[in-house]
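Trainee: What follows is final-v1.tsv, made up of TSV, C-alpha atoms and all ligand atoms:
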chain	number	residue	atom	x	y	z
X	1	PRO	CA	-93.93	-31.39	11.95
X	2	ALA	CA	-96.65	-31.46	14.59
X	3	ARG	CA	-95.46	-32.26	18.08
X	4	PRO	CA	-96.25	-35.85	19.14
X	5	ARG	CA	-99.31	-35.95	21.35
X	6	ALA	CA	-99.02	-36.79	25.02
X	7	TYR	CA	-101.31	-39.81	25.03
X	8	ARG	CA	-102.25	-41.62	28.20
X	9	ILE	CA	-102.43	-45.38	27.88
X	10	GLY	CA	-104.09	-47.43	30.61
X	11	PHE	CA	-102.96	-51.02	30.99
X	12	SER	CA	-105.07	-53.51	32.92
X	13	GLN	CA	-102.75	-56.43	33.53
X	14	CYS	CA	-104.29	-59.65	34.94
X	15	SER	CA	-101.11	-60.51	36.82
X	16	THR	CA	-97.54	-59.37	37.31
X	17	GLN	CA	-96.40	-62.76	38.60
X	18	GLY	CA	-93.74	-64.59	36.65
X	19	ILE	CA	-91.10	-63.82	34.05
X	20	TRP	CA	-93.52	-63.64	31.14
X	21	ARG	CA	-95.54	-60.77	32.63
X	22	GLN	CA	-92.30	-58.92	33.44
X	23	ALA	CA	-91.21	-59.42	29.82
X	24	VAL	CA	-94.48	-57.85	28.62
X	25	LEU	CA	-93.81	-54.73	30.65
X	26	ASP	CA	-90.13	-54.57	29.66
X	27	GLY	CA	-91.11	-54.73	25.99
X	28	MET	CA	-93.65	-51.93	26.45
X	29	LYS	CA	-91.08	-49.76	28.21
X	30	ARG	CA	-88.52	-50.38	25.47
X	31	GLU	CA	-90.98	-49.23	22.83
X	32	LEU	CA	-92.20	-46.31	24.95
X	33	SER	CA	-88.64	-45.06	25.38
X	34	PHE	CA	-88.98	-43.79	21.79
X	35	HIS	CA	-92.12	-41.89	22.82
X	36	PRO	CA	-91.31	-40.19	26.12
X	37	GLU	CA	-94.43	-38.01	25.78
X	38	VAL	CA	-96.71	-41.07	26.13
X	39	GLN	CA	-97.72	-42.08	29.64
X	40	LEU	CA	-98.44	-45.65	30.69
X	41	ARG	CA	-100.44	-46.46	33.78
X	42	MET	CA	-100.61	-50.12	34.72
X	43	LEU	CA	-102.86	-51.73	37.32
X	44	ASP	CA	-102.26	-55.33	38.44
X	45	ALA	CA	-105.40	-57.44	39.01
X	46	LYS	CA	-103.43	-60.20	40.76
X	47	ASP	CA	-105.28	-63.03	39.00
X	48	ASN	CA	-108.73	-61.84	40.06
X	49	SER	CA	-111.43	-60.98	37.52
X	50	GLN	CA	-113.59	-58.87	39.86
X	51	ARG	CA	-110.58	-56.79	40.82
X	52	GLN	CA	-109.69	-56.43	37.15
X	53	ALA	CA	-113.20	-55.21	36.22
X	54	GLN	CA	-112.93	-52.64	39.03
X	55	GLN	CA	-109.48	-51.52	37.90
X	56	ILE	CA	-110.65	-51.04	34.31
X	57	LYS	CA	-113.28	-48.62	35.68
X	58	GLU	CA	-110.60	-46.90	37.74
X	59	LEU	CA	-108.35	-46.45	34.70
X	60	LEU	CA	-111.25	-44.96	32.73
X	61	ALA	CA	-112.18	-42.64	35.57
X	62	GLY	CA	-108.59	-41.40	35.76
X	63	GLY	CA	-108.74	-40.39	32.09
X	64	ILE	CA	-107.05	-42.43	29.37
X	65	ASP	CA	-106.90	-42.24	25.57
X	66	LEU	CA	-106.58	-45.99	25.00
X	67	LEU	CA	-106.99	-49.12	27.10
X	68	ILE	CA	-104.79	-52.20	26.87
X	69	VAL	CA	-106.25	-55.24	28.64
X	70	SER	CA	-104.85	-58.67	29.30
X	71	PRO	CA	-107.98	-60.26	30.83
X	72	TYR	CA	-107.65	-62.90	33.54
X	73	GLU	CA	-110.84	-64.75	32.53
X	74	PRO	CA	-112.97	-63.82	29.52
X	75	GLY	CA	-116.44	-64.17	31.12
X	76	PRO	CA	-116.30	-61.87	34.14
X	77	VAL	CA	-113.98	-59.29	32.56
X	78	THR	CA	-115.93	-58.87	29.30
X	79	PRO	CA	-118.64	-56.43	30.57
X	80	ALA	CA	-116.01	-54.00	31.88
X	81	VAL	CA	-114.09	-54.15	28.58
X	82	GLU	CA	-117.31	-53.60	26.62
X	83	ALA	CA	-118.21	-50.66	28.81
X	84	ALA	CA	-114.78	-49.13	28.13
X	85	TYR	CA	-115.14	-49.70	24.39
X	86	GLU	CA	-118.60	-48.14	24.42
X	87	THR	CA	-117.25	-44.91	25.89
X	88	GLY	CA	-115.49	-44.54	22.53
X	89	ILE	CA	-111.89	-45.16	23.51
X	90	PRO	CA	-109.94	-47.79	21.58
X	91	VAL	CA	-109.41	-51.10	23.39
X	92	LEU	CA	-106.46	-53.34	22.64
X	93	LEU	CA	-106.57	-56.91	23.91
X	94	LEU	CA	-103.17	-58.27	24.83
X	95	ASP	CA	-102.52	-62.04	24.88
X	96	ARG	CA	-105.86	-63.17	26.33
X	97	ARG	CA	-109.35	-62.85	24.88
X	98	ILE	CA	-112.82	-61.75	25.96
X	99	THR	CA	-116.12	-63.29	24.87
X	100	SER	CA	-117.21	-60.33	22.77
X	101	GLN	CA	-116.14	-58.58	19.59
X	102	GLU	CA	-116.17	-55.16	21.25
X	103	PHE	CA	-112.48	-54.39	20.99
X	104	THR	CA	-110.33	-52.50	18.53
X	105	ALA	CA	-107.41	-54.89	18.07
X	106	TYR	CA	-105.83	-58.05	19.43
X	107	VAL	CA	-102.08	-58.56	19.84
X	108	GLY	CA	-100.68	-61.80	21.19
X	109	GLY	CA	-99.57	-65.35	20.63
X	110	ASP	CA	-101.55	-68.19	19.11
X	111	ASN	CA	-102.34	-70.57	21.96
X	112	VAL	CA	-103.90	-73.28	19.80
X	113	GLU	CA	-100.74	-73.33	17.70
X	114	VAL	CA	-98.68	-73.55	20.91
X	115	GLY	CA	-100.66	-76.63	22.03
X	116	GLN	CA	-100.43	-78.28	18.62
X	117	THR	CA	-96.70	-77.67	18.42
X	118	ALA	CA	-96.25	-79.08	21.93
X	119	ALA	CA	-98.09	-82.27	20.88
X	120	ARG	CA	-95.90	-82.67	17.81
X	121	TYR	CA	-92.75	-82.10	19.83
X	122	ALA	CA	-93.92	-84.54	22.53
X	123	ALA	CA	-94.53	-87.16	19.85
X	124	SER	CA	-91.07	-86.75	18.41
X	125	LEU	CA	-89.49	-86.97	21.89
X	126	LEU	CA	-91.39	-90.13	22.82
X	127	HIS	CA	-91.22	-91.70	19.35
X	128	GLU	CA	-95.00	-91.42	19.06
X	129	HIS	CA	-95.48	-93.74	21.99
X	130	GLY	CA	-96.22	-92.91	25.63
X	131	SER	CA	-98.06	-90.96	28.30
X	132	VAL	CA	-98.04	-87.28	29.11
X	133	ILE	CA	-99.23	-85.32	32.14
X	134	GLU	CA	-100.74	-81.97	31.19
X	135	LEU	CA	-100.18	-79.26	33.78
X	136	THR	CA	-102.66	-76.53	32.89
X	137	GLY	CA	-103.02	-72.84	33.65
X	138	ALA	CA	-106.10	-71.40	35.38
X	139	ARG	CA	-109.16	-73.25	34.10
X	140	LYS	CA	-110.95	-70.24	32.70
X	141	SER	CA	-108.04	-68.31	31.15
X	142	SER	CA	-108.32	-68.19	27.38
X	143	ALA	CA	-104.63	-69.12	27.16
X	144	THR	CA	-105.32	-72.35	29.07
X	145	ALA	CA	-108.29	-73.17	26.84
X	146	GLY	CA	-106.29	-72.59	23.64
X	147	ARG	CA	-103.21	-74.52	24.77
X	148	HIS	CA	-105.35	-77.42	26.00
X	149	GLN	CA	-107.44	-77.55	22.84
X	150	GLY	CA	-104.40	-77.38	20.56
X	151	PHE	CA	-102.63	-80.11	22.53
X	152	ALA	CA	-105.67	-82.40	22.38
X	153	GLN	CA	-106.04	-81.78	18.63
X	154	GLY	CA	-102.35	-82.43	18.06
X	155	MET	CA	-102.39	-85.69	20.03
X	156	VAL	CA	-105.16	-87.13	17.85
X	157	ALA	CA	-102.55	-87.79	15.16
X	158	TYR	CA	-100.71	-90.22	17.49
X	159	PRO	CA	-102.94	-93.14	18.53
X	160	ASN	CA	-100.25	-94.56	20.82
X	161	MET	CA	-99.89	-91.40	22.83
X	162	HIS	CA	-102.15	-90.48	25.75
X	163	VAL	CA	-102.75	-87.76	28.26
X	164	ALA	CA	-102.51	-89.82	31.45
X	165	ALA	CA	-103.69	-87.00	33.71
X	166	GLU	CA	-104.59	-83.34	33.67
X	167	VAL	CA	-103.44	-81.33	36.65
X	168	THR	CA	-104.86	-77.83	37.14
X	169	GLY	CA	-101.85	-75.76	38.00
X	170	ASN	CA	-103.71	-72.39	37.95
X	171	TRP	CA	-100.47	-70.65	36.84
X	172	ASN	CA	-99.58	-71.03	40.51
X	173	ILE	CA	-96.17	-72.49	41.30
X	174	THR	CA	-97.00	-73.33	44.92
X	175	THR	CA	-100.39	-75.02	44.84
X	176	LEU	CA	-99.58	-77.28	41.90
X	177	LYS	CA	-97.01	-79.36	43.76
X	178	ALA	CA	-99.31	-81.66	45.76
X	179	PRO	CA	-101.70	-82.58	42.90
X	180	LEU	CA	-98.78	-83.03	40.49
X	181	LYS	CA	-97.04	-85.34	42.95
X	182	ALA	CA	-100.24	-87.37	43.30
X	183	ALA	CA	-100.62	-87.60	39.50
X	184	LEU	CA	-97.03	-88.76	39.04
X	185	LEU	CA	-97.45	-91.46	41.70
X	186	ALA	CA	-100.76	-92.60	40.20
X	187	HIS	CA	-99.26	-92.73	36.67
X	188	PRO	CA	-95.77	-94.19	36.85
X	189	GLU	CA	-95.96	-94.74	33.08
X	190	ALA	CA	-95.90	-90.97	32.42
X	191	ALA	CA	-92.77	-89.99	30.53
X	192	LEU	CA	-93.39	-86.28	29.97
X	193	ILE	CA	-95.01	-83.23	31.54
X	194	PHE	CA	-96.49	-80.57	29.28
X	195	ALA	CA	-96.57	-77.48	31.51
X	196	HIS	CA	-98.70	-74.57	30.23
X	197	ASN	CA	-95.97	-72.13	31.23
X	198	ASP	CA	-92.31	-72.10	32.18
X	199	ASN	CA	-92.93	-71.04	35.77
X	200	MET	CA	-95.08	-74.09	36.43
X	201	GLY	CA	-92.53	-76.20	34.54
X	202	ARG	CA	-89.81	-74.96	36.88
X	203	SER	CA	-91.93	-75.97	39.83
X	204	ALA	CA	-92.65	-79.36	38.21
X	205	ALA	CA	-88.88	-79.90	37.91
X	206	GLU	CA	-88.60	-79.49	41.69
X	207	VAL	CA	-91.33	-82.08	42.21
X	208	LEU	CA	-89.55	-84.53	39.87
X	209	GLN	CA	-86.34	-83.94	41.78
X	210	GLN	CA	-88.04	-84.72	45.09
X	211	LEU	CA	-89.51	-87.93	43.70
X	212	GLY	CA	-86.24	-88.97	42.07
X	213	LEU	CA	-87.89	-88.87	38.63
X	214	SER	CA	-85.78	-86.19	36.93
X	215	GLN	CA	-84.14	-88.67	34.58
X	216	LYS	CA	-87.32	-90.54	33.78
X	217	VAL	CA	-89.81	-87.74	33.13
X	218	GLY	CA	-89.15	-84.88	30.72
X	219	ILE	CA	-90.69	-81.40	30.75
X	220	ILE	CA	-91.91	-79.11	27.99
X	221	GLY	CA	-92.72	-75.54	29.05
X	222	VAL	CA	-94.36	-72.57	27.35
X	223	ASP	CA	-93.22	-68.90	27.16
X	224	GLY	CA	-89.69	-69.42	25.83
X	225	LEU	CA	-88.20	-67.58	28.78
X	226	ALA	CA	-86.72	-70.29	31.02
X	227	LEU	CA	-83.74	-70.53	28.68
X	228	ASP	CA	-81.42	-71.48	31.54
X	229	LEU	CA	-83.49	-74.62	32.18
X	230	VAL	CA	-83.50	-75.60	28.51
X	231	ASP	CA	-79.76	-75.01	28.39
X	232	LYS	CA	-79.18	-77.22	31.45
X	233	GLY	CA	-81.42	-79.95	30.07
X	234	VAL	CA	-83.94	-79.60	32.91
X	235	PHE	CA	-86.53	-78.84	30.20
X	236	LYS	CA	-86.57	-80.72	26.90
X	237	ALA	CA	-87.98	-77.56	25.32
X	238	SER	CA	-89.90	-74.36	25.88
X	239	LEU	CA	-92.29	-72.97	23.27
X	240	LEU	CA	-91.99	-69.28	22.60
X	241	TYR	CA	-95.11	-67.30	23.45
X	242	SER	CA	-94.19	-63.81	22.41
X	243	PRO	CA	-94.73	-61.30	25.25
X	244	ALA	CA	-95.72	-58.79	22.54
X	245	GLY	CA	-95.18	-55.68	24.69
X	246	GLU	CA	-93.46	-53.78	21.86
X	247	ASP	CA	-96.07	-54.86	19.32
X	248	ALA	CA	-98.87	-53.79	21.65
X	249	ILE	CA	-97.46	-50.28	22.07
X	250	ARG	CA	-96.73	-49.96	18.35
X	251	THR	CA	-100.30	-50.96	17.47
X	252	ALA	CA	-101.70	-48.69	20.19
X	253	LEU	CA	-99.84	-45.69	18.77
X	254	ARG	CA	-100.97	-46.48	15.23
X	255	ILE	CA	-104.56	-46.53	16.45
X	256	LEU	CA	-104.14	-43.28	18.40
X	257	ASN	CA	-102.46	-41.55	15.49
X	258	HIS	CA	-105.17	-42.70	13.06
X	259	GLN	CA	-102.74	-44.74	11.01
X	260	PRO	CA	-103.70	-48.04	9.38
X	261	PHE	CA	-103.41	-51.06	11.71
X	262	LYS	CA	-104.30	-54.73	11.71
X	263	ARG	CA	-107.14	-55.83	14.00
X	264	GLU	CA	-105.78	-59.35	14.50
X	265	ASN	CA	-102.08	-59.66	15.29
X	266	GLN	CA	-101.26	-63.26	16.17
X	267	LEU	CA	-97.59	-63.93	16.71
X	268	SER	CA	-96.43	-67.43	16.00
X	269	THR	CA	-94.51	-69.79	18.23
X	270	VAL	CA	-91.19	-71.53	17.83
X	271	VAL	CA	-89.69	-74.50	19.68
X	272	ILE	CA	-86.65	-73.63	21.77
X	273	ASP	CA	-84.62	-76.72	22.61
X	274	SER	CA	-80.96	-77.74	22.86
X	275	THR	CA	-80.47	-77.05	19.14
X	276	ASN	CA	-81.19	-73.30	19.28
X	277	VAL	CA	-81.20	-72.26	22.94
X	278	ARG	CA	-77.71	-70.71	22.81
X	279	MET	CA	-78.70	-68.50	19.90
X	280	MET	CA	-81.84	-67.40	21.76
X	281	MET	CA	-79.74	-66.61	24.86
X	282	GLN	CA	-77.42	-64.43	22.78
X	283	GLN	CA	-80.35	-62.58	21.27
X	284	ARG	CA	-81.91	-62.00	24.68
X	285	GLU	CA	-78.56	-60.71	25.94
X	286	LYS	CA	-78.36	-58.26	23.05
X	287	ILE	CA	-81.83	-56.89	23.73
X	288	LEU	CA	-81.06	-56.45	27.42
X	289	THR	CA	-77.85	-54.57	26.60
X	290	GLN	CA	-79.74	-52.29	24.22
X	291	GLN	CA	-82.34	-51.69	26.92
X	292	LYS	CA	-79.59	-50.68	29.36
X	293	ASP	CA	-78.09	-48.32	26.76
X	294	ILE	CA	-81.46	-46.68	26.23
X	295	GLU	CA	-81.97	-46.28	29.98
X	296	GLN	CA	-78.51	-44.77	30.33
X	297	GLN	CA	-79.15	-42.30	27.54
X	298	HIS	CA	-82.43	-41.34	29.19
X	299	GLY	CA	-80.53	-40.73	32.41
X	300	LEU	CA	-78.05	-38.52	30.54
X	301	LEU	CA	-80.84	-36.57	28.87
X	302	GLN	CA	-82.59	-36.02	32.18
X	303	GLY	CA	-79.32	-34.83	33.68
X	304	LEU	CA	-78.89	-32.34	30.83
X	305	ARG	CA	-82.46	-31.12	31.24
X	306	ALA	CA	-81.93	-30.60	34.96
X	307	THR	CA	-78.72	-28.64	34.30
X	308	TYR	CA	-80.48	-26.54	31.71
X	309	ALA	CA	-83.39	-25.85	34.06
X	310	SER	CA	-81.14	-24.79	36.93
X	311	GLN	CA	-79.01	-22.58	34.64
X	312	ARG	CA	-82.16	-20.94	33.38
X	313	THR	CA	-83.25	-20.29	36.95
X	314	VAL	CA	-79.88	-18.72	37.69
X	315	LEU	CA	-80.10	-16.65	34.53
X	316	TYR	CA	-83.62	-15.42	35.31
X	317	GLY	CA	-82.44	-14.66	38.81
X	318	LEU	CA	-79.63	-12.52	37.39
X	319	LEU	CA	-81.96	-10.78	34.95
X	320	ALA	CA	-84.42	-9.99	37.70
X	321	THR	CA	-81.85	-8.17	39.79
X	401	LIG	C1	-98.85	-65.37	33.16
X	401	LIG	C2	-99.02	-66.27	32.05
X	401	LIG	C3	-97.84	-66.58	31.15
X	401	LIG	C4	-98.58	-67.21	30.04
X	401	LIG	C5	-99.64	-66.19	29.85
X	401	LIG	C6	-100.79	-66.60	29.07
X	401	LIG	O1	-100.08	-65.11	33.80
X	401	LIG	O2	-99.41	-67.42	32.67
X	401	LIG	O3	-96.87	-67.38	31.72
X	401	LIG	O4	-97.89	-67.57	28.94
X	401	LIG	O5	-100.00	-65.82	31.15
X	401	LIG	O6	-101.83	-65.71	29.07
Show me the file's structure as structure tokens.
Mentor:
Amino acid sequence: PARPRAYRIGFSQCSTQGIWRQAVLDGMKRELSFHPEVQLRMLDAKDNSQRQAQQIKELLAGGIDLLIVSPYEPGPVTPAVEAAYETGIPVLLLDRRITSQEFTAYVGGDNVEVGQTAARYAASLLHEHGSVIELTGARKSSATAGRHQGFAQGMVAYPNMHVAAEVTGNWNITTLKAPLKAALLAHPEAALIFAHNDNMGRSAAEVLQQLGLSQKVGIIGVDGLALDLVDKGVFKASLLYSPAGEDAIRTALRILNHQPFKRENQLSTVVIDSTNVRMMMQQREKILTQQKDIEQQHGLLQGLRATYASQRTVLYGLLAT
């Protein structure tokens, strides 16, 4: 069989903040451990679209065979993604969208479905009656737009439920605290916070604690990663938003190897609450153990290679004399 090709994959990541972004990278590394010849170069745009556009150019200039992008905001990042696509290299969008169709494939969760599921779950928690505070991600992220739209659509089915306030959390766990506090004080009727991700939900829990509202106001998060908080009852639930790192690499390699692939890969959500959180924790544990095993085996292999290389040097040395 032909030797696998040493592809170079560039990854423009909008942020590396938070457990979800770490999970994306971990998943990619797990999948790449089966393809040690493939190189991954990631640049972190730190939640800044201009920086991200610049970094996409930098990745292209450095030479890559495929670009994976998780765009911070669709508008300002789109031209750079289009320019990359127009050079002829495949472009895979991960998790967030751009405003154009100039990409090869999309892999990620379904944010509208996440919002709709959150609305349904909120309704069942509050017996279809009550007020919710929505704590959103950055205004212009496609994930925020989808989650917000899905939540609004879902709430329509429950005439006695309302969004009392919308707080722009910007995916930022520090700056959300003051406006969230203000919203909670202005809306004492609020019984639930729908946080667009687990990190902001964790921060919201601290605010509730400070205000003495932990028993009165529940929290639903998104990402399905703050399992400890669901387990402790700090969150009523977290909705899985698959980090899709493995899927992204698998699709990328199919594209590079000219194998058939799907252009749209939307992974569906699932509610994680007290009924299934223990099972999810066990599964996560299993994956982490496997990851450690793989890393250990890599270490062993590298050790063997080093021994082989040094023995060969010794041997050549002997032959030369
Ligand atoms: C991190 C993050 C995740 C979220 C995803 C959506 O920037 O906010 O927590 O689920 O982005 O794109």
Trainee: Find the spatial neighbours of Glu264 (chain X), counting all atoms listed in the file, within a cut-off of 12 Å - ignore same-chain residues fewer than 6 positions away - and output them as a count of residues only.
Mentor: 17
Trainee: Within 9 Å of ligand LIG 401 (chain X), which residues show up when you count only C-alpha atoms and all ligand atoms? List them as a PyMOL selection string, please.
Mentor: chain X and resi 14-21+47+70-72+94-96+108-109+111+137-138+141-144+170-172+196-200+222-224+240-243
Trainee: Considering all atoms listed in the file, return as number ranges by chain whatever protein or nucleic-acid residues lie within 12 Å of Leu208 (chain X), sequence-local ones (same chain, fewer than 2 positions apart) excluded.
Mentor: X: 177-178, 180-185, 188, 190-193, 201-206, 210-219, 234-235
Trainee: My list of candidates is X:Arg5, X:Lys262, X:Lys286, X:Arg254. Which is closest to Glu37 (chain X) when distances are computed with all atoms listed in the file?
Mentor: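 Comparing X:Arg5, X:Lys262, X:Lys286, X:Arg254 against Glu37 (chain X), the winner is X:Arg5.
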Trainee: Have a look at X:Gln259, X:Ser33, X:Ser268, X:Gln302 and name the one nearest to Glu113 (chain X); count only C-alpha atoms.
Mentor: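 Distance minimum relative to Glu113 (chain X) lands on X:Ser268.
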Trainee: For Lys46 (chain X), which residue out of X:Ser100, X:Gln22, X:Gln13, X:Thr275 is the nearest one, using only C-alpha atoms?
Mentor: X:Gln13
Trainee: Any idea what the distance is between CA of Leu125 (chain X) and CA of Ala244 (chain X)?
Mentor: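 Interatomic distance, CA of Leu125 (chain X) to CA of Ala244 (chain X): 28.9 Å.
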Trainee: Would you list the contacts of Phe194 (chain X) as a list in words, taking every protein, DNA or RNA residue within 10 Å and counting all atoms listed in the file, but skipping same-chain residues closer than 6 positions in sequence?
Mentor: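 Neighbouring residues, sequence-local ones excluded: Gly115, Ala118, Ala119, Ala122, Val132, Ile133, Glu134, Leu135, Thr136, His148, Phe151, Val163, Glu166, Met200, Gly201, Ala204, Gly218, Ile219, Ile220, Gly221, Val222, Ala237 and Ser238 of chain X.
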Trainee: Would you mind listing what lies within 12 Å of Lys232 (chain X) as a PyMOL selection string, with all atoms listed in the file counted and same-chain residues fewer than 2 positions away left out?
Mentor: chain X and resi 205+226-230+234-237+273-274+277-278
Trainee: What is the CA of Gly169 (chain X)-CA of Ala80 (chain X) distance in Å, reported with one decimal?
Mentor: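 Computing the Euclidean distance for CA of Gly169 (chain X) and CA of Ala80 (chain X) yields 26.7 Å.
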Trainee: Quick one: pull the distance between CA of Pro76 (chain X) and CA of Gly150 (chain X), Å, one decimal.
Mentor: 23.8 Å
Trainee: Measuring atom to atom with all atoms listed in the file, identify which of X:Met280, X:Ile294, X:Leu304, X:Leu225 is nearest to Ala23 (chain X).
Mentor: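 The answer is X:Leu225, which sits nearest to Ala23 (chain X).
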Trainee: Which centre and which edge lengths, in Å to one decimal, describe the axis-aligned box that holds all listed atoms of region 184-187 of chain X after 6 Å is added on each side, as JSON?
Mentor:
{"center_x": -98.9, "center_y": -90.7, "center_z": 39.2, "size_x": 15.7, "size_y": 16.0, "size_z": 17.0}
Trainee: Would you tabulate, counting only C-alpha atoms, all residues of region 8-45 of chain X that have an atom at most 10 Å from an atom of region 287-291 of chain X, showing the closest pair of atoms and their distance in Å to one decimal, sorted by chain then ascending number, as a tab-separated table?
Mentor:
residue	atom	partner	partner_atom	distance
X:Asp26	CA	X:Gln291	CA	8.7
X:Gly27	CA	X:Gln291	CA	9.3
X:Lys29	CA	X:Gln291	CA	9.0
X:Arg30	CA	X:Gln291	CA	6.5
X:Glu31	CA	X:Gln291	CA	9.9
X:Ser33	CA	X:Gln291	CA	9.3
Trainee: Between X:Met281, X:Ala145, X:Ile249, X:Val114, which is the closest to Leu25 (chain X) once you count all atoms listed in the file?
Mentor: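 Under the stated criterion, the closest residue is X:Ile249.
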Trainee: Can you write region 113-173 of chain X from the block above with C-alpha atoms, as an mmCIF file, in the first residue's frame?
Mentor:
data_model
loop_
_atom_site.group_PDB
_atom_site.id
_atom_site.type_symbol
_atom_site.label_atom_id
_atom_site.label_comp_id
_atom_site.auth_asym_id
_atom_site.auth_seq_id
_atom_site.Cartn_x
_atom_site.Cartn_y
_atom_site.Cartn_z
ATOM 1 C CA GLU X 113 -31.761 22.528 17.939
ATOM 2 C CA VAL X 114 -29.815 23.344 21.130
ATOM 3 C CA GLY X 115 -31.971 26.453 21.706
ATOM 4 C CA GLN X 116 -35.208 24.596 20.987
ATOM 5 C CA THR X 117 -34.268 21.757 23.315
ATOM 6 C CA ALA X 118 -33.356 24.260 26.039
ATOM 7 C CA ALA X 119 -36.809 25.874 25.712
ATOM 8 C CA ARG X 120 -38.542 22.513 25.991
ATOM 9 C CA TYR X 121 -36.467 21.548 29.001
ATOM 10 C CA ALA X 122 -37.091 24.947 30.646
ATOM 11 C CA ALA X 123 -40.823 24.460 30.138
ATOM 12 C CA SER X 124 -40.780 21.051 31.751
ATOM 13 C CA LEU X 125 -38.756 22.377 34.715
ATOM 14 C CA LEU X 126 -41.077 25.327 35.299
ATOM 15 C CA HIS X 127 -44.286 23.442 34.471
ATOM 16 C CA GLU X 128 -44.793 25.690 31.447
ATOM 17 C CA HIS X 129 -45.086 28.735 33.645
ATOM 18 C CA GLY X 130 -42.467 31.357 34.492
ATOM 19 C CA SER X 131 -39.653 33.702 33.538
ATOM 20 C CA VAL X 132 -36.205 32.978 32.197
ATOM 21 C CA ILE X 133 -33.084 35.123 31.880
ATOM 22 C CA GLU X 134 -31.132 34.370 28.713
ATOM 23 C CA LEU X 135 -27.380 34.791 29.096
ATOM 24 C CA THR X 136 -26.050 34.945 25.550
ATOM 25 C CA GLY X 137 -22.688 34.440 23.889
ATOM 26 C CA ALA X 138 -21.002 37.164 21.814
ATOM 27 C CA ARG X 139 -23.685 38.987 19.846
ATOM 28 C CA LYS X 140 -22.309 38.244 16.410
ATOM 29 C CA SER X 141 -21.182 34.617 16.843
ATOM 30 C CA SER X 142 -23.257 32.263 14.729
ATOM 31 C CA ALA X 143 -23.577 29.965 17.750
ATOM 32 C CA THR X 144 -25.223 32.783 19.726
ATOM 33 C CA ALA X 145 -27.600 33.572 16.870
ATOM 34 C CA GLY X 146 -28.637 29.920 16.472
ATOM 35 C CA ARG X 147 -29.101 29.258 20.187
ATOM 36 C CA HIS X 148 -31.076 32.480 20.626
ATOM 37 C CA GLN X 149 -33.288 31.836 17.610
ATOM 38 C CA GLY X 150 -33.974 28.234 18.625
ATOM 39 C CA PHE X 151 -34.806 29.273 22.185
ATOM 40 C CA ALA X 152 -37.215 31.985 20.996
ATOM 41 C CA GLN X 153 -38.881 29.535 18.587
ATOM 42 C CA GLY X 154 -39.177 26.915 21.299
ATOM 43 C CA MET X 155 -40.707 29.344 23.806
ATOM 44 C CA VAL X 156 -43.530 30.243 21.408
ATOM 45 C CA ALA X 157 -45.196 26.943 22.296
ATOM 46 C CA TYR X 158 -45.570 28.071 25.939
ATOM 47 C CA PRO X 159 -47.681 31.234 26.229
ATOM 48 C CA ASN X 160 -47.135 31.434 29.994
ATOM 49 C CA MET X 161 -43.379 31.452 29.731
ATOM 50 C CA HIS X 162 -41.326 34.588 29.080
ATOM 51 C CA VAL X 163 -37.784 35.724 28.575
ATOM 52 C CA ALA X 164 -37.616 38.376 31.306
ATOM 53 C CA ALA X 165 -34.227 39.711 30.207
ATOM 54 C CA GLU X 166 -31.419 39.052 27.785
ATOM 55 C CA VAL X 167 -27.930 39.577 29.125
ATOM 56 C CA THR X 168 -25.028 39.665 26.657
ATOM 57 C CA GLY X 169 -22.412 37.518 28.279
ATOM 58 C CA ASN X 170 -19.991 37.593 25.293
ATOM 59 C CA TRP X 171 -18.717 34.100 26.263
ATOM 60 C CA ASN X 172 -16.814 36.064 28.903
ATOM 61 C CA ILE X 173 -17.040 34.797 32.469
#
